[in-house]
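**Student:** Input file: start.cif. Contents: mmCIF, C-alpha atoms.
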```cif
data_work
loop_
_atom_site.label_atom_id
_atom_site.label_comp_id
_atom_site.auth_asym_id
_atom_site.auth_seq_id
_atom_site.Cartn_x
_atom_site.Cartn_y
_atom_site.Cartn_z
CA MET J 1 -159.68 -146.75 -72.96
CA ASN J 2 -162.14 -148.34 -70.50
CA SER J 3 -161.16 -148.34 -66.88
CA THR J 4 -162.07 -151.30 -64.72
CA PRO J 5 -163.91 -150.17 -61.56
CA SER J 6 -162.05 -150.97 -58.39
CA VAL J 7 -163.48 -153.70 -56.19
CA ASP J 8 -163.43 -153.39 -52.42
CA PRO J 9 -161.35 -156.39 -51.24
CA ARG J 10 -163.42 -156.58 -48.06
CA ARG J 11 -166.59 -156.98 -50.09
CA ALA J 12 -165.07 -159.73 -52.23
CA GLN J 13 -163.75 -161.58 -49.18
CA LEU J 14 -167.13 -161.33 -47.41
CA ARG J 15 -168.90 -162.67 -50.48
CA ARG J 16 -166.48 -165.59 -50.67
CA LEU J 17 -166.89 -166.47 -46.98
CA LYS J 18 -170.68 -166.29 -47.26
CA ALA J 19 -170.51 -168.70 -50.19
CA ILE J 20 -168.37 -171.13 -48.16
CA ALA J 21 -170.81 -170.96 -45.22
CA LEU J 22 -173.75 -171.59 -47.56
CA ALA J 23 -171.92 -174.49 -49.20
CA MET J 24 -171.30 -176.04 -45.79
CA LEU J 25 -175.01 -175.72 -44.94
CA LEU J 26 -176.05 -177.30 -48.25
CA ALA J 27 -173.52 -180.07 -47.73
CA MET J 28 -174.96 -180.86 -44.29
CA LEU J 29 -178.50 -180.88 -45.66
CA ALA J 30 -177.42 -183.17 -48.50
CA GLY J 31 -175.73 -185.53 -46.04
CA PHE J 32 -178.83 -185.52 -43.86
CA VAL J 33 -181.06 -186.43 -46.84
CA ILE J 34 -178.68 -189.11 -48.14
CA SER J 35 -178.35 -190.71 -44.70
CA HIS J 36 -182.14 -190.86 -44.33
CA LEU J 37 -182.50 -192.41 -47.78
CA ASN J 38 -180.07 -195.13 -46.69
CA GLY J 39 -182.16 -196.00 -43.65
CA GLU J 40 -179.94 -194.41 -40.98
CA ARG J 41 -178.39 -197.79 -40.23
CA GLY J 42 -174.80 -198.45 -39.26
CA SER J 43 -172.41 -195.71 -40.31
CA TRP J 44 -175.23 -193.77 -41.90
CA ALA J 45 -176.73 -193.21 -38.47
CA TRP J 46 -173.59 -191.38 -37.40
CA VAL J 47 -173.60 -189.34 -40.63
CA SER J 48 -177.24 -188.49 -40.09
CA ALA J 49 -176.63 -187.39 -36.49
CA PHE J 50 -173.66 -185.19 -37.52
CA CYS J 51 -175.36 -183.64 -40.54
CA GLU J 52 -178.67 -183.01 -38.78
CA ALA J 53 -177.06 -181.22 -35.81
CA ALA J 54 -174.62 -179.35 -38.10
CA ALA J 55 -177.49 -178.13 -40.30
CA VAL J 56 -179.38 -176.95 -37.23
CA GLY J 57 -176.28 -175.13 -35.92
CA ALA J 58 -175.59 -173.55 -39.31
CA LEU J 59 -179.17 -172.36 -39.70
CA ALA J 60 -179.27 -171.00 -36.15
CA ASP J 61 -176.03 -169.05 -36.60
CA TRP J 62 -177.12 -167.83 -40.03
CA PHE J 63 -180.30 -166.50 -38.45
CA ALA J 64 -178.36 -164.84 -35.63
CA VAL J 65 -175.85 -163.19 -37.97
CA VAL J 66 -178.45 -161.96 -40.43
CA ALA J 67 -180.70 -160.71 -37.62
CA LEU J 68 -177.98 -158.26 -36.60
CA PHE J 69 -178.19 -156.38 -39.90
CA ARG J 70 -181.60 -157.08 -41.48
CA HIS J 71 -184.80 -159.13 -41.30
CA PRO J 72 -184.07 -162.79 -42.27
CA LEU J 73 -185.74 -163.58 -45.60
CA GLY J 74 -187.37 -160.14 -45.38
CA LEU J 75 -189.77 -161.31 -42.69
CA PRO J 76 -190.48 -158.74 -39.92
CA ILE J 77 -189.57 -161.15 -37.16
CA PRO J 78 -189.38 -159.45 -33.73
CA HIS J 79 -185.90 -158.60 -32.43
CA THR J 80 -184.28 -158.79 -35.88
CA ALA J 81 -182.56 -156.03 -37.90
CA ILE J 82 -181.08 -155.06 -34.56
CA ILE J 83 -178.47 -152.56 -35.76
CA PRO J 84 -180.67 -150.38 -38.04
CA ARG J 85 -183.55 -150.54 -35.55
CA SER J 86 -181.25 -149.50 -32.69
CA LYS J 87 -179.25 -146.85 -34.55
CA GLU J 88 -180.31 -144.04 -32.21
CA ARG J 89 -179.44 -146.03 -29.10
CA ILE J 90 -176.15 -147.20 -30.62
CA ALA J 91 -175.24 -143.60 -31.46
CA ASP J 92 -175.88 -142.40 -27.91
CA SER J 93 -174.08 -145.37 -26.38
CA LEU J 94 -171.08 -144.95 -28.66
CA ALA J 95 -170.86 -141.24 -27.87
CA VAL J 96 -171.06 -141.88 -24.12
CA PHE J 97 -168.46 -144.66 -24.40
CA VAL J 98 -166.01 -142.37 -26.22
CA ARG J 99 -166.68 -139.58 -23.72
CA ASP J 100 -166.15 -141.75 -20.64
CA GLN J 101 -163.30 -143.91 -21.93
CA PHE J 102 -161.29 -141.50 -24.08
CA LEU J 103 -162.24 -138.00 -22.94
CA GLU J 104 -162.44 -138.51 -19.19
CA PRO J 105 -160.28 -135.64 -17.86
CA GLN J 106 -158.60 -137.44 -14.99
CA ALA J 107 -157.65 -140.44 -17.13
CA LEU J 108 -156.19 -138.18 -19.82
CA LEU J 109 -154.28 -136.08 -17.31
CA ALA J 110 -152.87 -139.19 -15.60
CA ARG J 111 -151.60 -140.50 -18.92
CA LEU J 112 -150.19 -137.08 -19.78
CA GLN J 113 -148.30 -136.93 -16.48
CA VAL J 114 -146.80 -140.38 -17.05
CA PHE J 115 -145.88 -139.39 -20.59
CA ASP J 116 -143.79 -136.43 -19.27
CA PRO J 117 -144.09 -134.33 -22.46
CA ALA J 118 -141.56 -131.70 -21.36
CA SER J 119 -138.78 -134.27 -20.95
CA ARG J 120 -139.59 -135.89 -24.28
CA LEU J 121 -139.71 -132.51 -25.98
CA GLY J 122 -136.34 -131.58 -24.48
CA SER J 123 -134.74 -134.80 -25.72
CA TRP J 124 -136.26 -134.28 -29.14
CA LEU J 125 -135.13 -130.67 -29.49
CA ALA J 126 -131.64 -131.37 -28.12
CA ASP J 127 -130.95 -133.64 -31.09
CA PRO J 128 -129.28 -131.39 -33.72
CA ALA J 129 -130.74 -133.39 -36.60
CA ARG J 130 -134.28 -132.97 -35.30
CA SER J 131 -133.92 -129.29 -34.47
CA ARG J 132 -132.46 -128.79 -37.94
CA LEU J 133 -135.41 -130.64 -39.45
CA LEU J 134 -137.85 -128.46 -37.53
CA ALA J 135 -135.99 -125.29 -38.56
CA ASP J 136 -136.06 -126.37 -42.22
CA MET J 137 -139.79 -127.04 -41.96
CA ALA J 138 -140.31 -123.57 -40.49
CA ARG J 139 -138.17 -122.11 -43.28
CA GLY J 140 -140.37 -123.80 -45.88
CA TRP J 141 -143.55 -122.54 -44.20
CA ALA J 142 -142.11 -119.02 -44.08
CA LEU J 143 -141.31 -119.14 -47.83
CA GLN J 144 -144.86 -120.23 -48.59
CA ALA J 145 -146.17 -117.38 -46.43
CA LEU J 146 -143.95 -114.93 -48.33
CA ASP J 147 -145.33 -116.19 -51.64
CA PHE J 148 -148.83 -115.49 -50.36
CA LEU J 149 -147.88 -112.03 -49.05
CA ASP J 150 -146.24 -111.10 -52.36
CA GLU J 151 -149.62 -110.55 -54.00
CA ALA J 152 -150.23 -106.98 -55.15
CA ALA J 153 -153.46 -106.76 -53.19
CA VAL J 154 -151.65 -107.86 -50.02
CA ARG J 155 -148.92 -105.29 -50.59
CA ARG J 156 -151.52 -102.55 -51.01
CA SER J 157 -153.28 -103.71 -47.87
CA ILE J 158 -150.01 -103.63 -45.92
CA GLN J 159 -149.26 -100.13 -47.18
CA ALA J 160 -152.77 -98.91 -46.34
CA PHE J 161 -152.55 -100.49 -42.89
CA VAL J 162 -149.17 -98.89 -42.14
CA VAL J 163 -150.28 -95.44 -43.33
CA GLU J 164 -153.55 -95.66 -41.39
CA GLN J 165 -151.72 -96.64 -38.21
CA LEU J 166 -149.34 -93.73 -38.68
CA ARG J 167 -152.27 -91.34 -39.16
CA GLN J 168 -153.92 -92.57 -35.95
CA TRP J 169 -150.67 -92.42 -33.99
CA ASN J 170 -150.68 -89.69 -31.30
CA ALA J 171 -147.21 -88.35 -32.03
CA ALA J 172 -147.36 -85.57 -29.42
CA ALA J 173 -148.25 -87.92 -26.58
CA THR J 174 -145.57 -90.38 -27.68
CA ALA J 175 -142.98 -87.61 -27.84
CA GLY J 176 -144.03 -86.49 -24.36
CA GLU J 177 -143.70 -90.02 -22.98
CA LEU J 178 -140.34 -90.46 -24.69
CA LEU J 179 -139.00 -87.21 -23.31
CA GLY J 180 -140.42 -88.18 -19.92
CA LEU J 181 -138.36 -91.38 -20.02
CA LEU J 182 -135.28 -89.44 -21.13
CA THR J 183 -135.63 -87.00 -18.22
CA ALA J 184 -136.16 -89.69 -15.57
CA ASP J 185 -133.32 -90.02 -13.04
CA ASN J 186 -131.79 -86.72 -14.31
CA ARG J 187 -130.81 -88.28 -17.63
CA HIS J 188 -131.46 -84.91 -19.31
CA GLN J 189 -128.81 -83.32 -17.10
CA ARG J 190 -126.30 -85.92 -18.20
CA VAL J 191 -127.25 -85.17 -21.80
CA LEU J 192 -126.67 -81.46 -21.10
CA ASP J 193 -123.31 -82.24 -19.46
CA GLU J 194 -122.27 -84.26 -22.49
CA GLY J 195 -123.31 -81.44 -24.82
CA LEU J 196 -121.49 -78.78 -22.82
CA THR J 197 -118.39 -80.97 -22.65
CA ARG J 198 -118.40 -81.37 -26.42
CA ILE J 199 -118.81 -77.60 -26.87
CA SER J 200 -115.91 -76.97 -24.46
CA GLN J 201 -113.70 -79.37 -26.41
CA TRP J 202 -114.73 -77.68 -29.60
CA MET J 203 -114.03 -74.16 -28.30
CA ASP J 204 -110.67 -75.18 -26.81
CA ASN J 205 -109.26 -75.78 -30.27
CA ASP J 206 -106.71 -73.61 -32.11
CA ALA J 207 -108.42 -74.11 -35.47
CA VAL J 208 -111.76 -72.95 -34.07
CA ARG J 209 -110.19 -69.87 -32.51
CA GLN J 210 -108.44 -69.13 -35.78
CA ARG J 211 -111.75 -69.26 -37.70
CA ALA J 212 -113.34 -66.98 -35.06
CA SER J 213 -110.47 -64.51 -35.47
CA GLU J 214 -110.88 -64.50 -39.23
CA LEU J 215 -114.61 -63.77 -38.85
CA ILE J 216 -113.85 -60.84 -36.51
CA VAL J 217 -111.23 -59.46 -38.90
CA ARG J 218 -113.60 -59.65 -41.88
CA TYR J 219 -116.28 -57.90 -39.85
CA ILE J 220 -113.88 -55.06 -38.86
CA GLN J 221 -112.69 -54.65 -42.43
CA ARG J 222 -116.27 -54.50 -43.70
CA GLU J 223 -117.22 -52.01 -41.02
CA TRP J 224 -113.87 -50.09 -41.07
CA PRO J 225 -115.10 -46.76 -42.45
CA LYS J 226 -117.58 -46.41 -39.59
CA LEU J 227 -115.17 -47.65 -36.92
CA ALA J 228 -112.27 -45.57 -38.25
CA SER J 229 -114.20 -42.39 -37.54
CA THR J 230 -114.91 -43.33 -33.94
CA VAL J 231 -111.97 -45.43 -32.78
CA ASN J 232 -108.26 -44.59 -32.78
CA TRP J 233 -106.68 -48.02 -33.56
CA VAL J 234 -103.31 -48.60 -32.02
CA LYS J 235 -102.80 -52.29 -32.96
CA PRO J 236 -103.19 -53.93 -36.40
CA ILE J 237 -106.59 -55.38 -37.21
CA ASP J 238 -105.28 -59.01 -37.29
CA GLU J 239 -103.92 -58.68 -33.76
CA ILE J 240 -107.23 -57.22 -32.59
CA GLY J 241 -109.15 -60.17 -34.14
CA ASP J 242 -106.83 -62.72 -32.55
CA SER J 243 -107.12 -61.05 -29.17
CA LEU J 244 -110.92 -60.86 -29.30
CA ALA J 245 -111.19 -64.49 -30.41
CA GLU J 246 -108.90 -65.59 -27.59
CA ARG J 247 -110.83 -63.62 -24.99
CA MET J 248 -114.17 -64.90 -26.25
CA ALA J 249 -112.96 -68.50 -26.17
CA HIS J 250 -111.67 -68.12 -22.62
CA ALA J 251 -114.90 -66.48 -21.51
CA VAL J 252 -117.06 -69.18 -23.04
CA LEU J 253 -114.86 -71.97 -21.62
CA ALA J 254 -114.99 -70.43 -18.16
CA GLU J 255 -118.75 -70.15 -18.31
CA LEU J 256 -119.11 -73.75 -19.51
CA GLN J 257 -116.81 -75.01 -16.75
CA GLN J 258 -118.89 -73.17 -14.18
CA ILE J 259 -122.11 -74.69 -15.53
CA LEU J 260 -120.58 -78.16 -15.45
CA ALA J 261 -119.33 -77.69 -11.90
CA GLU J 262 -122.56 -76.27 -10.39
CA PRO J 263 -125.58 -78.65 -10.27
CA GLU J 264 -127.78 -75.69 -9.25
CA HIS J 265 -126.56 -73.31 -11.95
CA PRO J 266 -129.35 -71.01 -13.23
CA LEU J 267 -128.87 -72.27 -16.78
CA ARG J 268 -129.52 -75.84 -15.61
CA LYS J 269 -132.66 -74.76 -13.79
CA ASP J 270 -133.89 -72.81 -16.83
CA TYR J 271 -133.15 -75.85 -19.01
CA GLU J 272 -135.00 -78.21 -16.66
CA ALA J 273 -137.97 -75.87 -16.31
CA TRP J 274 -138.22 -75.41 -20.08
CA LEU J 275 -137.95 -79.13 -20.76
CA GLY J 276 -140.51 -80.06 -18.08
CA ASP J 277 -142.94 -77.45 -19.35
CA TYR J 278 -142.51 -78.67 -22.92
CA ILE J 279 -143.17 -82.27 -21.89
CA GLN J 280 -146.38 -81.23 -20.14
CA ARG J 281 -147.45 -79.26 -23.19
CA LEU J 282 -146.83 -82.26 -25.41
CA ARG J 283 -149.02 -84.35 -23.14
CA HIS J 284 -151.84 -81.91 -22.40
CA ASP J 285 -151.74 -78.89 -24.73
CA PRO J 286 -154.25 -79.45 -27.59
CA ALA J 287 -152.78 -76.60 -29.64
CA LEU J 288 -149.24 -78.03 -29.54
CA ALA J 289 -150.60 -81.55 -30.16
CA GLU J 290 -152.44 -80.23 -33.21
CA LYS J 291 -149.26 -78.62 -34.55
CA VAL J 292 -147.32 -81.87 -34.05
CA ASP J 293 -150.13 -83.84 -35.73
CA GLN J 294 -150.16 -81.46 -38.70
CA LEU J 295 -146.43 -81.87 -39.06
CA LYS J 296 -146.87 -85.66 -38.87
CA GLN J 297 -149.58 -85.60 -41.55
CA GLN J 298 -147.37 -83.51 -43.83
CA VAL J 299 -144.55 -85.97 -43.40
CA ILE J 300 -146.86 -88.95 -44.11
CA ASP J 301 -148.32 -87.30 -47.25
CA HIS J 302 -144.91 -86.39 -48.60
CA PRO J 303 -144.27 -88.28 -51.89
CA ALA J 304 -140.86 -89.43 -50.68
CA VAL J 305 -142.39 -90.98 -47.56
CA GLN J 306 -145.16 -92.66 -49.58
CA GLU J 307 -142.59 -94.04 -51.98
CA TYR J 308 -140.47 -95.27 -49.09
CA VAL J 309 -143.46 -97.05 -47.51
CA GLN J 310 -144.31 -98.66 -50.85
CA GLY J 311 -140.79 -99.91 -51.33
CA LEU J 312 -140.28 -100.90 -47.71
CA TRP J 313 -142.19 -104.18 -47.97
CA ALA J 314 -140.52 -105.01 -51.28
CA ARG J 315 -137.08 -104.62 -49.66
CA ILE J 316 -138.09 -106.60 -46.58
CA HIS J 317 -139.68 -109.30 -48.74
CA ALA J 318 -136.62 -109.59 -50.98
CA SER J 319 -134.27 -109.73 -48.00
CA LEU J 320 -136.34 -112.40 -46.25
CA ARG J 321 -136.71 -114.48 -49.41
CA ALA J 322 -132.98 -114.32 -50.13
CA ASP J 323 -132.17 -115.53 -46.64
CA LEU J 324 -134.87 -118.19 -46.38
CA SER J 325 -134.08 -119.60 -49.84
CA SER J 326 -130.52 -120.33 -48.79
CA GLU J 327 -129.61 -123.65 -47.19
CA SER J 328 -127.39 -121.67 -44.83
CA SER J 329 -130.23 -119.32 -43.84
CA ALA J 330 -129.30 -117.07 -40.94
CA LEU J 331 -132.88 -117.06 -39.67
CA ALA J 332 -133.16 -120.85 -39.87
CA GLY J 333 -129.78 -121.22 -38.18
CA HIS J 334 -130.82 -118.89 -35.38
CA LEU J 335 -134.06 -120.83 -34.95
CA GLN J 336 -132.16 -124.13 -34.86
CA ARG J 337 -129.78 -122.84 -32.21
CA SER J 338 -132.67 -121.46 -30.17
CA LEU J 339 -134.52 -124.78 -30.35
CA GLY J 340 -131.38 -126.62 -29.31
CA LYS J 341 -130.92 -124.33 -26.32
CA ILE J 342 -134.54 -124.84 -25.33
CA GLY J 343 -134.09 -128.59 -25.53
CA GLN J 344 -130.90 -128.45 -23.47
CA ALA J 345 -132.57 -126.24 -20.87
CA LEU J 346 -135.48 -128.66 -20.61
CA GLN J 347 -133.06 -131.55 -20.07
CA GLU J 348 -130.99 -129.77 -17.43
CA ASP J 349 -133.61 -127.79 -15.49
CA PRO J 350 -136.14 -129.92 -13.54
CA SER J 351 -138.11 -126.85 -12.47
CA LEU J 352 -138.52 -125.77 -16.11
CA ARG J 353 -139.75 -129.24 -17.05
CA GLU J 354 -142.16 -129.25 -14.15
CA ALA J 355 -143.50 -125.81 -15.06
CA LEU J 356 -143.97 -126.75 -18.72
CA ASN J 357 -145.66 -130.03 -17.82
CA GLN J 358 -147.99 -128.19 -15.47
CA HIS J 359 -148.90 -125.68 -18.18
CA LEU J 360 -149.59 -128.50 -20.62
CA ILE J 361 -151.69 -130.37 -18.08
CA ASP J 362 -153.69 -127.25 -17.22
CA GLY J 363 -154.24 -126.51 -20.89
CA ALA J 364 -155.23 -130.12 -21.61
CA GLU J 365 -157.69 -130.07 -18.71
CA ARG J 366 -159.35 -126.89 -19.95
CA LEU J 367 -159.44 -128.16 -23.53
CA THR J 368 -160.84 -131.56 -22.53
CA THR J 369 -163.53 -129.97 -20.39
CA ARG J 370 -164.61 -127.70 -23.26
CA LEU J 371 -164.54 -130.38 -25.93
CA ARG J 372 -165.96 -133.29 -23.93
CA GLU J 373 -169.64 -132.53 -24.36
CA GLY J 374 -169.16 -131.08 -27.82
CA VAL J 375 -167.40 -134.19 -29.12
CA THR J 376 -170.00 -136.44 -27.50
CA SER J 377 -172.84 -134.55 -29.15
CA HIS J 378 -171.00 -134.52 -32.49
CA ILE J 379 -170.45 -138.30 -32.47
CA ALA J 380 -174.07 -139.00 -31.56
CA GLN J 381 -175.48 -136.64 -34.20
CA THR J 382 -173.11 -137.94 -36.87
CA VAL J 383 -174.04 -141.58 -36.29
CA LYS J 384 -177.74 -140.74 -36.16
CA GLY J 385 -177.42 -138.93 -39.46
CA TRP J 386 -175.95 -141.93 -41.28
CA ASP J 387 -178.12 -143.72 -43.83
CA GLU J 388 -179.25 -147.04 -42.32
CA ARG J 389 -178.31 -149.09 -45.36
CA HIS J 390 -174.92 -147.47 -45.54
CA LEU J 391 -174.40 -148.03 -41.81
CA VAL J 392 -175.35 -151.71 -42.08
CA GLU J 393 -173.15 -152.17 -45.13
CA GLN J 394 -170.10 -150.60 -43.51
CA LEU J 395 -170.52 -152.55 -40.27
CA GLU J 396 -171.03 -155.79 -42.16
CA LEU J 397 -167.90 -155.15 -44.22
CA SER J 398 -165.97 -154.43 -41.02
CA VAL J 399 -167.09 -157.41 -38.90
CA GLY J 400 -168.84 -159.68 -41.43
CA ARG J 401 -165.72 -161.79 -41.96
CA ASP J 402 -165.57 -162.78 -38.30
CA LEU J 403 -169.33 -163.38 -38.27
CA GLN J 404 -169.01 -165.85 -41.15
CA PHE J 405 -166.47 -167.78 -39.11
CA ILE J 406 -169.13 -167.97 -36.40
CA ARG J 407 -171.31 -169.73 -38.99
CA PHE J 408 -168.43 -172.09 -39.81
CA ASN J 409 -167.92 -172.86 -36.14
CA GLY J 410 -171.67 -173.30 -35.58
CA THR J 411 -171.82 -175.87 -38.36
CA LEU J 412 -168.86 -177.88 -37.10
CA VAL J 413 -169.66 -177.56 -33.39
CA GLY J 414 -173.30 -178.51 -34.07
CA GLY J 415 -172.19 -181.57 -35.95
CA LEU J 416 -169.83 -182.64 -33.17
CA ILE J 417 -172.60 -182.16 -30.60
CA GLY J 418 -174.87 -184.33 -32.79
CA LEU J 419 -172.24 -187.07 -32.82
CA LEU J 420 -171.84 -186.76 -29.06
CA LEU J 421 -175.60 -187.06 -28.49
CA HIS J 422 -175.85 -190.00 -30.88
CA ALA J 423 -173.01 -191.75 -29.08
CA LEU J 424 -174.74 -191.11 -25.75
CA THR J 425 -177.96 -192.63 -27.15
CA VAL J 426 -176.14 -195.74 -28.40
CA TRP J 427 -174.38 -196.13 -25.04
CA MET J 428 -177.68 -195.88 -23.15
CA HIS J 429 -179.22 -198.70 -25.31
CA TRP J 430 -176.45 -201.17 -24.59
#
```
Can you give me the file's structure in the form of structure tokens?
**Tutor:**
Amino acid sequence: MNSTPSVDPRRAQLRRLKAIALAMLLAMLAGFVISHLNGERGSWAWVSAFCEAAAVGALADWFAVVALFRHPLGLPIPHTAIIPRSKERIADSLAVFVRDQFLEPQALLARLQVFDPASRLGSWLADPARSRLLADMARGWALQALDFLDEAAVRRSIQAFVVEQLRQWNAAATAGELLGLLTADNRHQRVLDEGLTRISQWMDNDAVRQRASELIVRYIQREWPKLASTVNWVKPIDEIGDSLAERMAHAVLAELQQILAEPEHPLRKDYEAWLGDYIQRLRHDPALAEKVDQLKQQVIDHPAVQEYVQGLWARIHASLRADLSSESSALAGHLQRSLGKIGQALQEDPSLREALNQHLIDGAERLTTRLREGVTSHIAQTVKGWDERHLVEQLELSVGRDLQFIRFNGTLVGGLIGLLLHALTVWMHW
């Protein structure tokens, strides 16, 4: 099946208008010849005057129009083929015009200030339908990104990146910094207080004391032959175990209460000194740092950890895809609500609008300054690189229609001027 090549409608219209202009010129020449053959008397004199002037006007405008794009009749007449001959100058002038009229920083910034982008953005985001549309667009982009990241090579790269970052991680220094944060403002003492309080609550429990008594009794029974030879027991073993358990519980509770009540208790000082020393060792002791790093490497190389890292992205990916594929996506809903709040804040807070507008203006000024010369050079080089015939053809297709109307007008206006001059001549001979 043969396909008919498409025809540029601009080219067909230009060809048609050129044919009309040529027909008008030929008609004027024919009228001029016919009027001369009839002696230029009476009405024919008026026809001759009109046709002669119209033909001159048509030829003059034809020459002017053609001279813009090429040499008339192929003759190298000076100051013709203006556009192809002046391509370099046109390119530079066009680039400078765009730079000065469209990329002039102050003009752009003035228009941007009048536009008030922050206020318009706030109104746009405050509309639930628009914020929902934007959230749905973001959801679609995120799904496309997930499809890209689901490639096996990407998954392997992610795993390799995570493992490499873990290997480079200074676990000892991080642990030291973390413990340093935990000990700031005596937080470690509060942790100790909480631990001692829990131990006190645990010791002050009948079930705990009962288990302690049973342990003591089992120990005495196991060791009875030895003890029987050295100790004359007066009370039953069960009573001895209960008594020892009770006394131990009371002793431990009393000691814990004393530690909790005394901020300067020796145990607290020993605890603080040990913890401070350990933090400094984590930060500065190479031997301890090496031991921590070895432990970290063992954990990383463990098959269970490697399997967990491999499956981690798959679980995250599946969870994200399940949420983003749903019309009631929690992530999209959160984004929509956040966008709505931003829009409402921009509408209600003049200082926020002013700050955002100022940031946009500053950014636009920096961007315009950087791009101004680059865009100017790009436009000039692009135009200079165009093929001359292609440039002429495209310009003629763009403005040739209006230029043919100039030829029409030249024909008619020339004819009317011819009539006017002929009438003036007749009037002067009266």
**Student:** What does the structure give for the distance between CA of His359 (chain J) and CA of Pro105 (chain J), in Å to one decimal?
**Tutor:**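 Result for CA of His359 (chain J) versus CA of Pro105 (chain J): 15.1 Å, one decimal.
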**Student:** Take the PyMOL selection byres ((chain J and resi 132-140) around 8), run it mentally on this structure, and tell me the resulting residues as a PyMOL selection string.
**Tutor:** chain J and resi 128-131+141-144+324+332-333+335-336
**Student:** Interatomic distance between CA of Trp427 (chain J) and CA of Ala45 (chain J)?
**Tutor:**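 Pair CA of Trp427 (chain J) / CA of Ala45 (chain J) returns 13.9 Å.
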**Student:** By how many Å are CA of Leu346 (chain J) and CA of Glu327 (chain J) apart?
**Tutor:**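 Answer for the CA of Leu346 (chain J) to CA of Glu327 (chain J) separation: 27.7 Å.
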**Student:** I'd like the neighbourhood of region 16-22 of chain J as a list in words, where a residue qualifies if any of its atoms comes within 10 Å (using all atoms listed in the file), though same-chain residues fewer than 2 positions away should be ignored.
**Tutor:**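 Listed by chain and then number, they are Arg10, Arg11, Ala12, Gln13, Leu14, Met24, Leu25, Leu26, Ala27, Met28, Ala58, Leu59, Trp62, Gly400, Arg401, Asp402, Leu403, Gln404, Phe405, Ile406, Arg407, Phe408, Asn409, Gly410 and Thr411 of chain J.
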**Student:** Taking the file as I've supplied it (selection: the PyMOL selection byres ((chain J and resi 283) around 10)), which residues are included? Please answer as a list in words.
**Tutor:**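 Written out, the selection comes to Asn170, Ala171, Ala172, Ala173, Thr174, Ala175, Gly176, Glu177, Gly180, Asp277, Tyr278, Ile279, Gln280, Arg281, Leu282, His284, Asp285, Pro286, Leu288 and Ala289 of chain J.
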**Student:** Looking at J:Trp386, J:Ser328, J:Leu391, J:Ala380, which one is nearest to Leu94 (chain J), with distances taken over all atoms listed in the file?
**Tutor:**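 Among the listed residues, the smallest separation from Leu94 (chain J) belongs to J:Ala380.
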**Student:** Got a sec to resolve the PyMOL selection byres ((chain J and resi 51-55) around 8) on this structure and send the residues as a PDB file with C-alpha atoms, keeping the file's coordinate frame?
**Tutor:**
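Resulting contents of selection10.pdb:
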```pdb
ATOM      1  CA  LEU J  25    -175.010-175.720 -44.940  1.00  0.00           C
ATOM      2  CA  MET J  28    -174.960-180.860 -44.290  1.00  0.00           C
ATOM      3  CA  LEU J  29    -178.500-180.880 -45.660  1.00  0.00           C
ATOM      4  CA  GLY J  31    -175.730-185.530 -46.040  1.00  0.00           C
ATOM      5  CA  PHE J  32    -178.830-185.520 -43.860  1.00  0.00           C
ATOM      6  CA  VAL J  47    -173.600-189.340 -40.630  1.00  0.00           C
ATOM      7  CA  SER J  48    -177.240-188.490 -40.090  1.00  0.00           C
ATOM      8  CA  ALA J  49    -176.630-187.390 -36.490  1.00  0.00           C
ATOM      9  CA  PHE J  50    -173.660-185.190 -37.520  1.00  0.00           C
ATOM     10  CA  VAL J  56    -179.380-176.950 -37.230  1.00  0.00           C
ATOM     11  CA  GLY J  57    -176.280-175.130 -35.920  1.00  0.00           C
ATOM     12  CA  ALA J  58    -175.590-173.550 -39.310  1.00  0.00           C
ATOM     13  CA  LEU J  59    -179.170-172.360 -39.700  1.00  0.00           C
ATOM     14  CA  GLY J 410    -171.670-173.300 -35.580  1.00  0.00           C
ATOM     15  CA  THR J 411    -171.820-175.870 -38.360  1.00  0.00           C
ATOM     16  CA  LEU J 412    -168.860-177.880 -37.100  1.00  0.00           C
ATOM     17  CA  VAL J 413    -169.660-177.560 -33.390  1.00  0.00           C
ATOM     18  CA  GLY J 414    -173.300-178.510 -34.070  1.00  0.00           C
ATOM     19  CA  GLY J 415    -172.190-181.570 -35.950  1.00  0.00           C
ATOM     20  CA  LEU J 416    -169.830-182.640 -33.170  1.00  0.00           C
ATOM     21  CA  ILE J 417    -172.600-182.160 -30.600  1.00  0.00           C
ATOM     22  CA  GLY J 418    -174.870-184.330 -32.790  1.00  0.00           C
TER      23      GLY J 418
END
```
**Student:** Using only C-alpha atoms, which of the listed residues (J:Arg372, J:Arg111, J:Ala364, J:Ala60) sits closest to Pro72 (chain J)?
**Tutor:** J:Ala60
**Student:** Of the candidates J:Val65, J:Gln297, J:Val114, J:Leu37, which one gets nearest to Gln165 (chain J) if we count all atoms listed in the file?
**Tutor:**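 Smallest distance to Gln165 (chain J) is found for J:Gln297.
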**Student:** Using all atoms listed in the file, determine which residues lie at most 10 Å from region 102-104 of chain J, disregarding the query and same-chain residues fewer than 6 positions distant; provide the list as JSON, numbers by chain.
**Tutor:** {"J": [96, 365, 368, 369, 371, 372, 373, 375, 376]}
**Student:** From the list J:Leu367, J:Ala207, J:Leu166, J:Leu421, which residue is nearest Gln298 (chain J) when using all atoms listed in the file?
**Tutor:**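 Of J:Leu367, J:Ala207, J:Leu166, J:Leu421, the one nearest Gln298 (chain J) is J:Leu166, counting all atoms listed in the file.
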**Student:** With a distance cut-off of 9 Å and all atoms listed in the file, select the neighbouring residues of Asp92 (chain J), excluding the residue or stretch itself and same-chain residues fewer than 4 positions from it, and output the selection as a PyMOL selection string.
**Tutor:** chain J and resi 87-88+96-97+376-377+379-381+383-384
